[in-house]
file work.pdb (PDB, C-alpha atoms, pLDDT in the B column)
MODEL        1
ATOM      1  CA  MET Y 207      34.914  20.170  27.425  1.00 46.00           C
ATOM      2  CA  ILE Y 208      34.290  21.175  23.831  1.00 47.00           C
ATOM      3  CA  ASN Y 209      33.338  18.422  21.451  1.00 46.00           C
ATOM      4  CA  ARG Y 210      35.367  18.986  18.321  1.00 48.00           C
ATOM      5  CA  GLN Y 211      34.623  17.027  15.199  1.00 44.00           C
ATOM      6  CA  SER Y 212      36.653  16.732  12.096  1.00 42.00           C
ATOM      7  CA  PRO Y 213      35.164  18.287   8.934  1.00 41.00           C
ATOM      8  CA  GLU Y 214      34.526  14.778   7.600  1.00 40.00           C
ATOM      9  CA  GLN Y 215      32.482  13.862  10.692  1.00 43.00           C
ATOM     10  CA  ALA Y 216      30.529  17.112  10.548  1.00 39.00           C
ATOM     11  CA  GLU Y 217      29.843  16.599   6.841  1.00 38.00           C
ATOM     12  CA  GLY Y 218      28.723  13.030   7.524  1.00 42.00           C
ATOM     13  CA  ASP Y 219      26.253  14.229  10.138  1.00 40.00           C
ATOM     14  CA  SER Y 220      24.785  16.905   7.894  1.00 41.00           C
ATOM     15  CA  ALA Y 221      24.661  14.497   4.965  1.00 44.00           C
ATOM     16  CA  GLN Y 222      22.688  12.104   7.173  1.00 44.00           C
ATOM     17  CA  LEU Y 223      20.233  14.881   8.033  1.00 42.00           C
ATOM     18  CA  ARG Y 224      19.822  15.829   4.362  1.00 46.00           C
ATOM     19  CA  ARG Y 225      18.950  12.240   3.434  1.00 48.00           C
ATOM     20  CA  TRP Y 226      16.045  12.026   5.854  1.00 46.00           C
ATOM     21  CA  PRO Y 227      13.693  14.201   3.808  1.00 63.00           C
ATOM     22  CA  GLN Y 228      14.658  12.266   0.679  1.00 70.00           C
ATOM     23  CA  ASN Y 229      13.905   8.972   2.426  1.00 83.00           C
ATOM     24  CA  PHE Y 230      10.619  10.409   3.643  1.00 83.00           C
ATOM     25  CA  ALA Y 231       9.795  11.477   0.081  1.00 84.00           C
ATOM     26  CA  TRP Y 232      10.412   7.930  -1.154  1.00 87.00           C
ATOM     27  CA  LEU Y 233       8.299   6.459   1.643  1.00 87.00           C
ATOM     28  CA  TYR Y 234       5.554   9.004   0.973  1.00 88.00           C
ATOM     29  CA  ALA Y 235       5.468   8.288  -2.765  1.00 88.00           C
ATOM     30  CA  ASP Y 236       5.635   4.534  -2.241  1.00 90.00           C
ATOM     31  CA  GLN Y 237       2.848   4.674   0.339  1.00 90.00           C
ATOM     32  CA  LEU Y 238       0.599   6.551  -2.079  1.00 92.00           C
ATOM     33  CA  LEU Y 239       1.405   4.107  -4.870  1.00 92.00           C
ATOM     34  CA  SER Y 240       0.648   1.168  -2.584  1.00 91.00           C
ATOM     35  CA  VAL Y 241      -2.693   2.618  -1.509  1.00 91.00           C
ATOM     36  CA  PHE Y 242      -3.590   3.428  -5.105  1.00 93.00           C
ATOM     37  CA  ALA Y 243      -2.748  -0.088  -6.304  1.00 92.00           C
ATOM     38  CA  GLY Y 244      -4.592  -1.734  -3.418  1.00 91.00           C
ATOM     39  CA  THR Y 245      -7.738   0.349  -3.808  1.00 92.00           C
ATOM     40  CA  CYS Y 246      -7.793   0.074  -7.602  1.00 93.00           C
ATOM     41  CA  GLY Y 247      -7.091  -3.645  -7.434  1.00 93.00           C
ATOM     42  CA  THR Y 248      -9.954  -4.317  -5.050  1.00 93.00           C
ATOM     43  CA  PHE Y 249     -12.243  -2.128  -7.159  1.00 93.00           C
ATOM     44  CA  ILE Y 250     -11.294  -4.067 -10.294  1.00 94.00           C
ATOM     45  CA  LEU Y 251     -11.789  -7.417  -8.545  1.00 95.00           C
ATOM     46  CA  SER Y 252     -15.252  -6.294  -7.429  1.00 94.00           C
ATOM     47  CA  TRP Y 253     -16.012  -5.090 -10.960  1.00 94.00           C
ATOM     48  CA  LEU Y 254     -15.011  -8.476 -12.370  1.00 94.00           C
ATOM     49  CA  LEU Y 255     -17.139 -10.184  -9.739  1.00 95.00           C
ATOM     50  CA  TYR Y 256     -20.099  -8.088 -10.829  1.00 95.00           C
ATOM     51  CA  GLU Y 257     -19.472  -9.154 -14.425  1.00 93.00           C
ATOM     52  CA  VAL Y 258     -19.517 -12.813 -13.315  1.00 95.00           C
ATOM     53  CA  THR Y 259     -22.476 -12.667 -10.928  1.00 95.00           C
ATOM     54  CA  GLY Y 260     -24.417  -9.536 -11.844  1.00 94.00           C
ATOM     55  CA  SER Y 261     -24.890  -9.026  -8.115  1.00 94.00           C
ATOM     56  CA  THR Y 262     -24.138  -5.842  -6.221  1.00 94.00           C
ATOM     57  CA  LEU Y 263     -24.491  -7.898  -3.039  1.00 95.00           C
ATOM     58  CA  ALA Y 264     -21.580 -10.074  -4.183  1.00 94.00           C
ATOM     59  CA  MET Y 265     -19.537  -6.916  -4.824  1.00 94.00           C
ATOM     60  CA  GLY Y 266     -20.324  -5.683  -1.321  1.00 93.00           C
ATOM     61  CA  GLY Y 267     -19.350  -9.069   0.097  1.00 94.00           C
ATOM     62  CA  LEU Y 268     -15.989  -8.850  -1.630  1.00 95.00           C
ATOM     63  CA  TRP Y 269     -15.381  -5.422  -0.092  1.00 94.00           C
ATOM     64  CA  LEU Y 270     -16.475  -6.719   3.308  1.00 94.00           C
ATOM     65  CA  ILE Y 271     -13.993  -9.596   3.059  1.00 93.00           C
ATOM     66  CA  SER Y 272     -11.269  -7.156   2.067  1.00 91.00           C
ATOM     67  CA  PHE Y 273     -11.973  -4.698   4.898  1.00 90.00           C
ATOM     68  CA  ALA Y 274     -12.425  -7.393   7.540  1.00 91.00           C
ATOM     69  CA  SER Y 275      -9.122  -8.998   6.561  1.00 89.00           C
ATOM     70  CA  GLN Y 276      -7.334  -5.654   6.686  1.00 87.00           C
ATOM     71  CA  TRP Y 277      -8.752  -4.929  10.137  1.00 88.00           C
ATOM     72  CA  GLY Y 278      -7.753  -8.399  11.342  1.00 87.00           C
ATOM     73  CA  VAL Y 279      -4.205  -7.955  10.066  1.00 84.00           C
ATOM     74  CA  GLN Y 280      -3.922  -4.562  11.735  1.00 83.00           C
ATOM     75  CA  LEU Y 281      -5.289  -5.916  14.995  1.00 85.00           C
ATOM     76  CA  LEU Y 282      -2.997  -8.953  15.087  1.00 85.00           C
ATOM     77  CA  ALA Y 283       0.159  -7.701  13.379  1.00 82.00           C
ATOM     78  CA  GLY Y 284       0.129  -4.114  14.652  1.00 76.00           C
ATOM     79  CA  PRO Y 285       1.633  -4.921  18.055  1.00 78.00           C
ATOM     80  CA  LEU Y 286       4.239  -7.207  16.448  1.00 78.00           C
ATOM     81  CA  ILE Y 287       5.413  -4.958  13.620  1.00 78.00           C
ATOM     82  CA  ASP Y 288       8.244  -3.488  15.697  1.00 77.00           C
ATOM     83  CA  ARG Y 289       9.812  -6.939  15.953  1.00 82.00           C
ATOM     84  CA  TRP Y 290      10.164  -7.311  12.190  1.00 82.00           C
ATOM     85  CA  LYS Y 291      12.294  -5.488   9.670  1.00 86.00           C
ATOM     86  CA  ARG Y 292       9.898  -2.898   8.310  1.00 84.00           C
ATOM     87  CA  THR Y 293      11.309  -2.627   4.810  1.00 85.00           C
ATOM     88  CA  ALA Y 294      11.214  -6.406   4.408  1.00 87.00           C
ATOM     89  CA  VAL Y 295       7.553  -6.450   5.493  1.00 86.00           C
ATOM     90  CA  MET Y 296       6.785  -3.676   3.006  1.00 87.00           C
ATOM     91  CA  LYS Y 297       8.507  -5.495   0.143  1.00 89.00           C
ATOM     92  CA  LEU Y 298       6.879  -8.821   0.997  1.00 90.00           C
ATOM     93  CA  SER Y 299       3.443  -7.229   1.242  1.00 88.00           C
ATOM     94  CA  GLU Y 300       3.759  -5.570  -2.145  1.00 90.00           C
ATOM     95  CA  ALA Y 301       5.169  -8.747  -3.708  1.00 92.00           C
ATOM     96  CA  VAL Y 302       2.272 -10.833  -2.406  1.00 92.00           C
ATOM     97  CA  ARG Y 303      -0.269  -8.349  -3.727  1.00 92.00           C
ATOM     98  CA  ALA Y 304       1.508  -8.197  -7.109  1.00 92.00           C
ATOM     99  CA  VAL Y 305       1.505 -11.991  -7.429  1.00 94.00           C
ATOM    100  CA  VAL Y 306      -2.173 -12.173  -6.469  1.00 94.00           C
ATOM    101  CA  TYR Y 307      -3.178  -9.507  -8.996  1.00 93.00           C
ATOM    102  CA  LEU Y 308      -1.013 -11.110 -11.656  1.00 93.00           C
ATOM    103  CA  ALA Y 309      -2.542 -14.544 -11.042  1.00 94.00           C
ATOM    104  CA  ALA Y 310      -6.115 -13.216 -10.963  1.00 93.00           C
ATOM    105  CA  GLY Y 311      -5.552 -11.173 -14.124  1.00 92.00           C
ATOM    106  CA  LEU Y 312      -3.989 -14.075 -16.004  1.00 93.00           C
ATOM    107  CA  MET Y 313      -6.742 -16.445 -14.905  1.00 94.00           C
ATOM    108  CA  TRP Y 314      -9.392 -13.954 -16.012  1.00 93.00           C
ATOM    109  CA  ILE Y 315      -7.756 -13.483 -19.414  1.00 92.00           C
ATOM    110  CA  ALA Y 316      -7.416 -17.283 -19.759  1.00 92.00           C
ATOM    111  CA  GLY Y 317     -11.176 -17.617 -19.267  1.00 92.00           C
ATOM    112  CA  GLU Y 318     -11.237 -18.791 -15.647  1.00 91.00           C
ATOM    113  CA  ARG Y 319     -14.034 -16.503 -14.534  1.00 92.00           C
ATOM    114  CA  GLN Y 320     -15.016 -17.994 -11.217  1.00 93.00           C
ATOM    115  CA  SER Y 321     -16.237 -15.931  -8.300  1.00 94.00           C
ATOM    116  CA  TYR Y 322     -14.199 -17.922  -5.769  1.00 94.00           C
ATOM    117  CA  ILE Y 323     -11.003 -16.862  -7.576  1.00 94.00           C
ATOM    118  CA  LEU Y 324     -11.939 -13.201  -7.208  1.00 95.00           C
ATOM    119  CA  TYR Y 325     -12.956 -13.589  -3.555  1.00 95.00           C
ATOM    120  CA  THR Y 326      -9.696 -15.421  -2.815  1.00 94.00           C
ATOM    121  CA  ALA Y 327      -7.657 -12.761  -4.604  1.00 94.00           C
ATOM    122  CA  ALA Y 328      -9.372 -10.001  -2.619  1.00 93.00           C
ATOM    123  CA  TRP Y 329      -8.879 -11.902   0.625  1.00 94.00           C
ATOM    124  CA  ILE Y 330      -5.174 -12.636   0.104  1.00 93.00           C
ATOM    125  CA  SER Y 331      -4.360  -9.179  -1.255  1.00 90.00           C
ATOM    126  CA  SER Y 332      -5.951  -7.598   1.822  1.00 88.00           C
ATOM    127  CA  PHE Y 333      -3.353  -9.196   4.111  1.00 85.00           C
ATOM    128  CA  VAL Y 334      -0.948  -6.439   3.164  1.00 83.00           C
ATOM    129  CA  MET Y 335       0.956  -5.022   6.130  1.00 84.00           C
ATOM    130  CA  TYR Y 336       2.502  -2.198   4.150  1.00 84.00           C
ATOM    131  CA  ASP Y 337       0.610   0.540   6.011  1.00 82.00           C
ATOM    132  CA  LEU Y 338       1.652  -0.849   9.386  1.00 81.00           C
ATOM    133  CA  ALA Y 339       5.305  -1.122   8.409  1.00 84.00           C
ATOM    134  CA  SER Y 340       5.288   2.309   6.803  1.00 85.00           C
ATOM    135  CA  GLY Y 341       3.786   3.880   9.902  1.00 83.00           C
ATOM    136  CA  ALA Y 342       6.360   2.162  12.107  1.00 84.00           C
ATOM    137  CA  LEU Y 343       9.195   3.282   9.825  1.00 85.00           C
ATOM    138  CA  LEU Y 344       8.188   6.945   9.725  1.00 86.00           C
ATOM    139  CA  PRO Y 345       9.629   7.904  13.160  1.00 86.00           C
ATOM    140  CA  LYS Y 346      13.010   6.582  12.020  1.00 85.00           C
ATOM    141  CA  LEU Y 347      13.038   8.827   8.951  1.00 85.00           C
ATOM    142  CA  VAL Y 348      11.991  12.188  10.352  1.00 85.00           C
ATOM    143  CA  ARG Y 349      13.030  14.312  13.285  1.00 86.00           C
ATOM    144  CA  PRO Y 350      10.787  14.079  16.357  1.00 88.00           C
ATOM    145  CA  LYS Y 351       9.645  17.693  15.980  1.00 90.00           C
ATOM    146  CA  GLU Y 352       8.529  16.957  12.378  1.00 87.00           C
ATOM    147  CA  LEU Y 353       6.816  13.643  13.124  1.00 88.00           C
ATOM    148  CA  THR Y 354       3.314  14.987  13.764  1.00 90.00           C
ATOM    149  CA  ARG Y 355       3.308  17.096  10.615  1.00 89.00           C
ATOM    150  CA  LYS Y 356       4.768  14.359   8.396  1.00 89.00           C
ATOM    151  CA  ASN Y 357       2.375  11.790   9.832  1.00 89.00           C
ATOM    152  CA  ALA Y 358      -0.543  14.137   9.114  1.00 90.00           C
ATOM    153  CA  TRP Y 359       0.700  14.576   5.539  1.00 88.00           C
ATOM    154  CA  MET Y 360       0.923  10.812   5.094  1.00 89.00           C
ATOM    155  CA  SER Y 361      -2.484  10.101   6.604  1.00 90.00           C
ATOM    156  CA  GLY Y 362      -4.265  12.866   4.740  1.00 93.00           C
ATOM    157  CA  SER Y 363      -2.634  12.008   1.433  1.00 91.00           C
ATOM    158  CA  VAL Y 364      -3.443   8.322   1.845  1.00 91.00           C
ATOM    159  CA  GLN Y 365      -7.125   9.132   2.339  1.00 92.00           C
ATOM    160  CA  LEU Y 366      -7.065  11.494  -0.634  1.00 94.00           C
ATOM    161  CA  MET Y 367      -5.408   8.824  -2.785  1.00 93.00           C
ATOM    162  CA  ARG Y 368      -8.093   6.301  -1.803  1.00 91.00           C
ATOM    163  CA  THR Y 369     -10.717   8.833  -2.854  1.00 93.00           C
ATOM    164  CA  PHE Y 370      -9.055   9.428  -6.241  1.00 94.00           C
ATOM    165  CA  ALA Y 371      -8.407   5.734  -6.841  1.00 93.00           C
ATOM    166  CA  PHE Y 372     -12.096   4.843  -7.169  1.00 90.00           C
ATOM    167  CA  PRO Y 373     -12.993   7.123 -10.087  1.00 92.00           C
ATOM    168  CA  LEU Y 374      -9.638   6.445 -11.759  1.00 92.00           C
ATOM    169  CA  ALA Y 375     -10.203   2.691 -11.509  1.00 92.00           C
ATOM    170  CA  GLY Y 376     -13.733   3.179 -12.845  1.00 91.00           C
ATOM    171  CA  LEU Y 377     -12.362   5.155 -15.749  1.00 92.00           C
ATOM    172  CA  GLY Y 378      -9.724   2.476 -16.273  1.00 91.00           C
ATOM    173  CA  VAL Y 379     -12.263  -0.341 -16.595  1.00 90.00           C
ATOM    174  CA  GLN Y 380     -14.119   1.723 -19.194  1.00 90.00           C
ATOM    175  CA  VAL Y 381     -10.979   2.210 -21.276  1.00 91.00           C
ATOM    176  CA  LEU Y 382      -9.171  -1.129 -20.816  1.00 89.00           C
ATOM    177  CA  GLU Y 383     -10.229  -4.690 -20.156  1.00 88.00           C
ATOM    178  CA  PRO Y 384     -10.339  -5.190 -16.345  1.00 86.00           C
ATOM    179  CA  GLY Y 385      -8.156  -8.323 -16.428  1.00 86.00           C
ATOM    180  CA  THR Y 386      -5.489  -6.331 -18.238  1.00 87.00           C
ATOM    181  CA  LEU Y 387      -5.718  -3.617 -15.586  1.00 86.00           C
ATOM    182  CA  LEU Y 388      -4.934  -6.200 -12.910  1.00 87.00           C
ATOM    183  CA  LEU Y 389      -1.832  -7.156 -14.864  1.00 87.00           C
ATOM    184  CA  ILE Y 390      -0.798  -3.505 -15.051  1.00 87.00           C
ATOM    185  CA  LEU Y 391      -1.345  -3.075 -11.307  1.00 83.00           C
ATOM    186  CA  SER Y 392       0.782  -6.110 -10.546  1.00 80.00           C
TER
ENDMDL
END
call {"tool": "encode", "arguments": {"input": "work.pdb", "output": "structure tokens"}}
result
Amino acid sequence: MINRQSPEQAEGDSAQLRRWPQNFAWLYADQLLSVFAGTCGTFILSWLLYEVTGSTLAMGGLWLISFASQWGVQLLAGPLIDRWKRTAVMKLSEAVRAVVYLAAGLMWIAGERQSYILYTAAWISSFVMYDLASGALLPKLVRPKELTRKNAWMSGSVQLMRTFAFPLAGLGVQVLEPGTLLLILS
């Protein structure tokens, strides 16, 4: 039996296929923006902590807290991410990080220059599950035969963005006041 579709159905199917690359492009760009903001934000928080304490050990401790929290989130939330709506997790994660950076930046500008504020901001902002949700969403946006290639593009670009974020954040703190940069990142 031949499966005959109306022109409207056929157009709907091809329109659906054409949207997938566009959705992937949005996810790709948003993922890079998220990684950039997260890396720059943690860099700026550690820079502010150095200004408060003058200690490179304190800066390293802030990064350790950030990495350990990220690993913990990935370990605990990774198996559960398929049970949650991925786009909602992504939006919530970015909103939490934005609020944390906004609060830390405003407190810094207001003169509240306490190390515990910066450690807390780094700790809370590291609970972002954006990467997990993005990775779980990717198979829904691309064809199975393209998944490996698109995943490689995402992973490689994310690592490249992390690499570029450090010198750009360093340049940013030389040009602008670091508290203001946190406000921009939020």
call {"tool": "resolve_selection", "arguments": {"input": "work.pdb", "expression": "the PyMOL selection byres ((chain Y and resi 254) around 12)", "output": "NGL selection string"}}
result
:Y and (247-253 or 255-262 or 264-265 or 268 or 310-311 or 313-315 or 318-325 or 327-328 or 376 or 379 or 383-388)
call {"tool": "closest_residue", "arguments": {"input": "work.pdb", "among": "Y:Val306, Y:Val334, Y:Leu238, Y:Ala301", "to": "Ser272 (chain Y)", "atoms": "only C-alpha atoms"}}
result
Y:Val334
call {"tool": "residues_around", "arguments": {"input": "work.pdb", "residues": "Leu338 (chain Y)", "least_positions_apart": "4", "cutoff": "12 Å", "atoms": "all atoms listed in the file", "output": "NGL selection string"}}
result
:Y and (237 or 276-277 or 279-288 or 290-293 or 295-296 or 299 or 333-334 or 342-344)
call {"tool": "write_last_selection", "arguments": {"input": "work.pdb", "atoms": "C-alpha atoms", "output": "PDB file, keeping the file's coordinate frame"}}
result
ATOM      1  CA  GLN Y 237       2.848   4.674   0.339  1.00 90.00           C
ATOM      2  CA  GLN Y 276      -7.334  -5.654   6.686  1.00 87.00           C
ATOM      3  CA  TRP Y 277      -8.752  -4.929  10.137  1.00 88.00           C
ATOM      4  CA  VAL Y 279      -4.205  -7.955  10.066  1.00 84.00           C
ATOM      5  CA  GLN Y 280      -3.922  -4.562  11.735  1.00 83.00           C
ATOM      6  CA  LEU Y 281      -5.289  -5.916  14.995  1.00 85.00           C
ATOM      7  CA  LEU Y 282      -2.997  -8.953  15.087  1.00 85.00           C
ATOM      8  CA  ALA Y 283       0.159  -7.701  13.379  1.00 82.00           C
ATOM      9  CA  GLY Y 284       0.129  -4.114  14.652  1.00 76.00           C
ATOM     10  CA  PRO Y 285       1.633  -4.921  18.055  1.00 78.00           C
ATOM     11  CA  LEU Y 286       4.239  -7.207  16.448  1.00 78.00           C
ATOM     12  CA  ILE Y 287       5.413  -4.958  13.620  1.00 78.00           C
ATOM     13  CA  ASP Y 288       8.244  -3.488  15.697  1.00 77.00           C
ATOM     14  CA  TRP Y 290      10.164  -7.311  12.190  1.00 82.00           C
ATOM     15  CA  LYS Y 291      12.294  -5.488   9.670  1.00 86.00           C
ATOM     16  CA  ARG Y 292       9.898  -2.898   8.310  1.00 84.00           C
ATOM     17  CA  THR Y 293      11.309  -2.627   4.810  1.00 85.00           C
ATOM     18  CA  VAL Y 295       7.553  -6.450   5.493  1.00 86.00           C
ATOM     19  CA  MET Y 296       6.785  -3.676   3.006  1.00 87.00           C
ATOM     20  CA  SER Y 299       3.443  -7.229   1.242  1.00 88.00           C
ATOM     21  CA  PHE Y 333      -3.353  -9.196   4.111  1.00 85.00           C
ATOM     22  CA  VAL Y 334      -0.948  -6.439   3.164  1.00 83.00           C
ATOM     23  CA  ALA Y 342       6.360   2.162  12.107  1.00 84.00           C
ATOM     24  CA  LEU Y 343       9.195   3.282   9.825  1.00 85.00           C
ATOM     25  CA  LEU Y 344       8.188   6.945   9.725  1.00 86.00           C
TER      26      LEU Y 344
END
call {"tool": "closest_residue", "arguments": {"input": "work.pdb", "among": "Y:Trp329, Y:Phe242, Y:Tyr307, Y:Phe230", "to": "Trp269 (chain Y)", "atoms": "all atoms listed in the file"}}
result
Y:Trp329
call {"tool": "residues_around", "arguments": {"input": "work.pdb", "residues": "Arg355 (chain Y)", "least_positions_apart": "6", "cutoff": "12 Å", "atoms": "all atoms listed in the file", "output": "PDB file with C-alpha atoms, in the coordinates of the input"}}
result
ATOM      1  CA  LEU Y 344       8.188   6.945   9.725  1.00 86.00           C
ATOM      2  CA  PRO Y 345       9.629   7.904  13.160  1.00 86.00           C
ATOM      3  CA  VAL Y 348      11.991  12.188  10.352  1.00 85.00           C
ATOM      4  CA  ARG Y 349      13.030  14.312  13.285  1.00 86.00           C
ATOM      5  CA  SER Y 361      -2.484  10.101   6.604  1.00 90.00           C
ATOM      6  CA  GLY Y 362      -4.265  12.866   4.740  1.00 93.00           C
TER       7      GLY Y 362
END
call {"tool": "atom_distance", "arguments": {"input": "work.pdb", "atom1": "CA of Gln228 (chain Y)", "atom2": "CA of Leu374 (chain Y)"}}
result
27.9 Å
call {"tool": "atom_distance", "arguments": {"input": "work.pdb", "atom1": "CA of Leu353 (chain Y)", "atom2": "CA of Leu366 (chain Y)"}}
result
19.7 Å
call {"tool": "atom_distance", "arguments": {"input": "work.pdb", "atom1": "CA of Phe370 (chain Y)", "atom2": "CA of Lys346 (chain Y)"}}
result
28.8 Å
call {"tool": "closest_residue", "arguments": {"input": "work.pdb", "among": "Y:Asn229, Y:Leu347, Y:Glu352, Y:Ala243", "to": "Glu300 (chain Y)", "atoms": "only C-alpha atoms"}}
result
Y:Ala243
